[in-house]
Amino acid sequence: MATSANYFDQLRKSRIWRSIFRSGTGTSTLHRSLVIQQDVFLHLFPTKVRRRMLNIGVTWYLGTLTFGTFVILVSTGVLLMLYYHPSVPQAYSDTKDLQFVVSSGLFLRNLHRWSAHAMVFLVFAHMFRVFYRGAYRPPREFNWIIGVILLLITLLLSYTGYLLPWDQLAFWAITVGSNIASAVPVVGNKIHFLLLGGNLVNANALLRFYVLHCMILPLAAIFLIAIHFWRIRKDGGLYSHSSQPPAIADISATKEA
Amino acid sequence: MRGAMPDEKPAPQSKSTDRDRRAFFVKLGLGSLSIAAAGTAVFAYQFLSPNVLFEPSPIINAGQPEHYPLDSVTLDVNSGIYLIHSNEGFFSLGAVCTHLGCLTAWNPELGIIACPCHGSKFSRTGAKIEGPAPRPLPWYRVWLSEEGNLMVDRSTTIGAMQFLRV
């Protein structure tokens, strides 16, 4: 144990390590803060978190769990893309091949599908949790709005992914769903035409939904998730008194009196 | 004292022209950016609207009228139309539900057209009986080709109760 810790210490002091991680090797509070502050990914998070904020009762970890399902969905989705062709003659048989021919294909597809369901559930649970704790209140209104947009992106990801197996369920679900879009006043039929790339759910629609599902919507989600995490820090961390619901503040005040 | 500083007068003047010039260039810059943004929006819209569609022709050759016995309702699943031979003559209805685009089906026992998705029901002439459908099923133009085949144009709707007598 001691030797492996020594090796790690040696590694952290090496020139290569120091060129990548510039925050130094100390164990002081300053050094530990710098590790967070000077990392492109970790700097989105607060440099310091109180231990009681990490109790499961504070957040139930619902946002973290949502992000966990998103990571699973991206990694399994990229692997599924290696065997899936978004074309009318191949899409359905590729899906069948993933189920019955590709090694671990069934596992990956099921993991993708169940994680997608879990993500929608967790997003709603996260929003209910934030709503009932009053964490949407100032100064966090903007982060709530970003969360609502992320909810819409999650639902659109589910919707666009629904078409890709190209079976009867997919075809009719997208037929019905895209016809709902044409109920928009004045521009409804134009939206329907642009969404499907035609008047019918056909090859163009399959390709458009594929590009939306695998490129445009995930990139938009990653972009907004980064802002969402960063705003938690900027808006005062997981909990601050200014976001405490006034009703609860009144109750505690009367108790003290 | 005013006369003592004659050469200071041009200075504020040149300052104000500086400001005017800056405001002009800001306006010019913002204006050209707006024009470019509007142009980009137009190009984006045009790019996203396909100019050539590989969709089936709206005109359908339904074959010889003798294939449709009197008092029959025939659904063509591929083209989404009914060809109906009634006592008054031939007519064709769109089989796609006017609610959200599901394919309806003819129910011979009840003598109605029913949508499986959200329960809209139509009479044999396309009139809505019940359900969420906002409009009756459309009547399509039907005519006889030179070879004597029944032709249906799905892109041309006609008023109800215009029968083709053969």
# chains A, B, ... in the order shown; residues from 1 in each chain; ligands from 1
$ residues_around --residues "segment 68-76 of chain B" --least-positions-apart "2" --cutoff "9 Å" --atoms "only C-alpha atoms" --output "PyMOL selection string"
chain B and resi 62+64-66+78-87+89+95+105-106+108+124
$ write_last_selection --atoms "N, CA and C atoms" --output "CSV table (one decimal), in the first residue's frame"
chain,number,residue,atom,x,y,z
B,62,ALA,N,-56.7,2.2,-60.5
B,62,ALA,CA,-57.4,1.2,-59.7
B,62,ALA,C,-57.9,0.1,-60.5
B,64,GLN,N,-59.9,-2.2,-63.7
B,64,GLN,CA,-61.2,-2.2,-64.3
B,64,GLN,C,-62.3,-2.1,-63.3
B,65,PRO,N,-63.4,-1.4,-63.7
B,65,PRO,CA,-64.5,-1.2,-62.8
B,65,PRO,C,-65.2,-2.5,-62.4
B,66,GLU,N,-65.1,-3.5,-63.3
B,66,GLU,CA,-65.7,-4.8,-63.0
B,66,GLU,C,-65.2,-5.5,-61.8
B,78,ASN,N,-51.9,0.5,-49.7
B,78,ASN,CA,-50.6,1.2,-50.1
B,78,ASN,C,-50.9,2.6,-50.5
B,79,SER,N,-52.0,2.9,-51.1
B,79,SER,CA,-52.3,4.3,-51.5
B,79,SER,C,-53.2,5.0,-50.5
B,80,GLY,N,-53.8,4.3,-49.6
B,80,GLY,CA,-54.6,5.0,-48.6
B,80,GLY,C,-55.9,5.5,-49.1
B,81,ILE,N,-56.6,4.8,-50.0
B,81,ILE,CA,-57.9,5.2,-50.5
B,81,ILE,C,-58.9,4.1,-50.4
B,82,TYR,N,-60.2,4.5,-50.4
B,82,TYR,CA,-61.2,3.5,-50.5
B,82,TYR,C,-61.8,3.7,-51.9
B,83,LEU,N,-62.1,2.6,-52.6
B,83,LEU,CA,-62.9,2.7,-53.8
B,83,LEU,C,-64.2,2.0,-53.6
B,84,ILE,N,-65.3,2.8,-53.7
B,84,ILE,CA,-66.6,2.3,-53.3
B,84,ILE,C,-67.5,2.3,-54.5
B,85,HIS,N,-68.2,1.2,-54.7
B,85,HIS,CA,-69.2,1.0,-55.7
B,85,HIS,C,-70.5,1.0,-55.1
B,86,SER,N,-71.2,2.1,-55.1
B,86,SER,CA,-72.6,2.2,-54.5
B,86,SER,C,-73.6,2.2,-55.6
B,87,ASN,N,-74.9,2.2,-55.2
B,87,ASN,CA,-76.0,2.2,-56.2
B,87,ASN,C,-75.9,3.4,-57.0
B,89,GLY,N,-73.2,5.0,-57.9
B,89,GLY,CA,-72.0,5.0,-58.8
B,89,GLY,C,-70.8,4.8,-58.0
B,95,ALA,N,-58.5,7.3,-47.2
B,95,ALA,CA,-58.6,6.4,-46.0
B,95,ALA,C,-57.8,6.9,-44.8
B,105,ALA,N,-60.2,1.8,-41.3
B,105,ALA,CA,-60.6,0.5,-41.9
B,105,ALA,C,-62.1,0.4,-42.0
B,106,TRP,N,-62.6,-0.3,-43.0
B,106,TRP,CA,-64.0,-0.5,-43.3
B,106,TRP,C,-64.5,-1.6,-42.4
B,108,PRO,N,-67.4,-4.0,-42.2
B,108,PRO,CA,-68.6,-4.4,-42.9
B,108,PRO,C,-69.8,-4.8,-42.1
B,124,ARG,N,-70.2,5.6,-44.8
B,124,ARG,CA,-69.6,5.1,-46.0
B,124,ARG,C,-69.4,6.2,-47.0
$ interface_residues --of "chain B" --to "chain A" --cutoff "10 Å" --atoms "only C-alpha atoms" --output "ChimeraX atom specification"
/B:45-56,98-103,117
$ select_by_dssp --residues "segment 41-230 of chain A" --states "helix (DSSP H, G or I)" --output "VMD selection string"
chain A and resid 42 to 44 51 to 54 56 to 59 62 to 81 88 to 100 105 to 132 141 to 163 168 to 181 188 to 196 203 to 230
$ select_by_dssp --residues "segment 15-140 of chain B" --states "strand (DSSP E or B)" --output "PyMOL selection string"
chain B and resi 59-63+72-76+81-86+89-94+96+103+105-107+112-114+121-122+128-130+139-140
$ write_last_selection --atoms "C-alpha atoms" --output "mmCIF file, in the first residue's frame"
data_model
loop_
_atom_site.group_PDB
_atom_site.id
_atom_site.type_symbol
_atom_site.label_atom_id
_atom_site.label_comp_id
_atom_site.auth_asym_id
_atom_site.auth_seq_id
_atom_site.Cartn_x
_atom_site.Cartn_y
_atom_site.Cartn_z
ATOM 1 C CA ILE B 59 -52.679 9.429 -59.305
ATOM 2 C CA ILE B 60 -53.683 5.799 -58.839
ATOM 3 C CA ASN B 61 -54.759 3.316 -61.461
ATOM 4 C CA ALA B 62 -57.418 1.248 -59.668
ATOM 5 C CA GLY B 63 -58.021 -1.171 -62.570
ATOM 6 C CA SER B 72 -68.621 -2.969 -52.111
ATOM 7 C CA VAL B 73 -66.011 -0.952 -50.212
ATOM 8 C CA THR B 74 -62.394 -1.703 -51.178
ATOM 9 C CA LEU B 75 -59.434 -0.354 -49.181
ATOM 10 C CA ASP B 76 -56.083 0.007 -50.944
ATOM 11 C CA ILE B 81 -57.863 5.227 -50.522
ATOM 12 C CA TYR B 82 -61.249 3.527 -50.544
ATOM 13 C CA LEU B 83 -62.888 2.698 -53.845
ATOM 14 C CA ILE B 84 -66.588 2.338 -53.280
ATOM 15 C CA HIS B 85 -69.162 1.040 -55.741
ATOM 16 C CA SER B 86 -72.568 2.174 -54.504
ATOM 17 C CA GLY B 89 -72.035 4.976 -58.828
ATOM 18 C CA PHE B 90 -68.299 4.870 -58.079
ATOM 19 C CA PHE B 91 -66.495 7.199 -55.695
ATOM 20 C CA SER B 92 -63.211 7.300 -53.821
ATOM 21 C CA LEU B 93 -62.516 8.425 -50.267
ATOM 22 C CA GLY B 94 -59.220 9.171 -48.575
ATOM 23 C CA VAL B 96 -56.253 8.528 -43.908
ATOM 24 C CA LEU B 103 -55.141 4.508 -41.673
ATOM 25 C CA ALA B 105 -60.584 0.496 -41.863
ATOM 26 C CA TRP B 106 -63.997 -0.486 -43.273
ATOM 27 C CA ASN B 107 -66.151 -2.401 -40.815
ATOM 28 C CA ILE B 112 -68.961 2.246 -41.036
ATOM 29 C CA ILE B 113 -65.371 3.374 -41.518
ATOM 30 C CA ALA B 114 -63.503 3.332 -38.185
ATOM 31 C CA LYS B 121 -66.088 6.821 -37.016
ATOM 32 C CA PHE B 122 -67.267 7.791 -40.493
ATOM 33 C CA LYS B 128 -68.140 11.974 -39.501
ATOM 34 C CA ILE B 129 -70.350 10.027 -37.101
ATOM 35 C CA GLU B 130 -68.325 10.481 -33.909
ATOM 36 C CA TRP B 139 -63.685 12.761 -51.752
ATOM 37 C CA TYR B 140 -61.082 12.342 -54.478
#
$ closest_residue --among "A:Tyr159, A:Phe131, A:Tyr61, A:Phe223" --to "Trp144 of chain A" --atoms "only C-alpha atoms"
A:Phe131
$ closest_residue --among "A:Thr25, A:Ser87, A:Thr3, A:Ser93" --to "Ala205 of chain A" --atoms "only C-alpha atoms"
A:Ser87
$ atom_distance --atom1 "atom CA of Lys48 of chain A" --atom2 "atom CA of Ser28 of chain A"
13.1 Å
$ atom_distance --atom1 "atom CA of Ser19 of chain A" --atom2 "atom CA of Tyr7 of chain A"
17.8 Å
$ atom_distance --atom1 "atom CA of Gln37 of chain A" --atom2 "atom CA of Ala5 of chain A"
24.3 Å
$ closest_residue --among "A:Leu207, A:Leu44, A:Leu80, A:Ala220" --to "Leu151 of chain A" --atoms "only C-alpha atoms"
A:Ala220
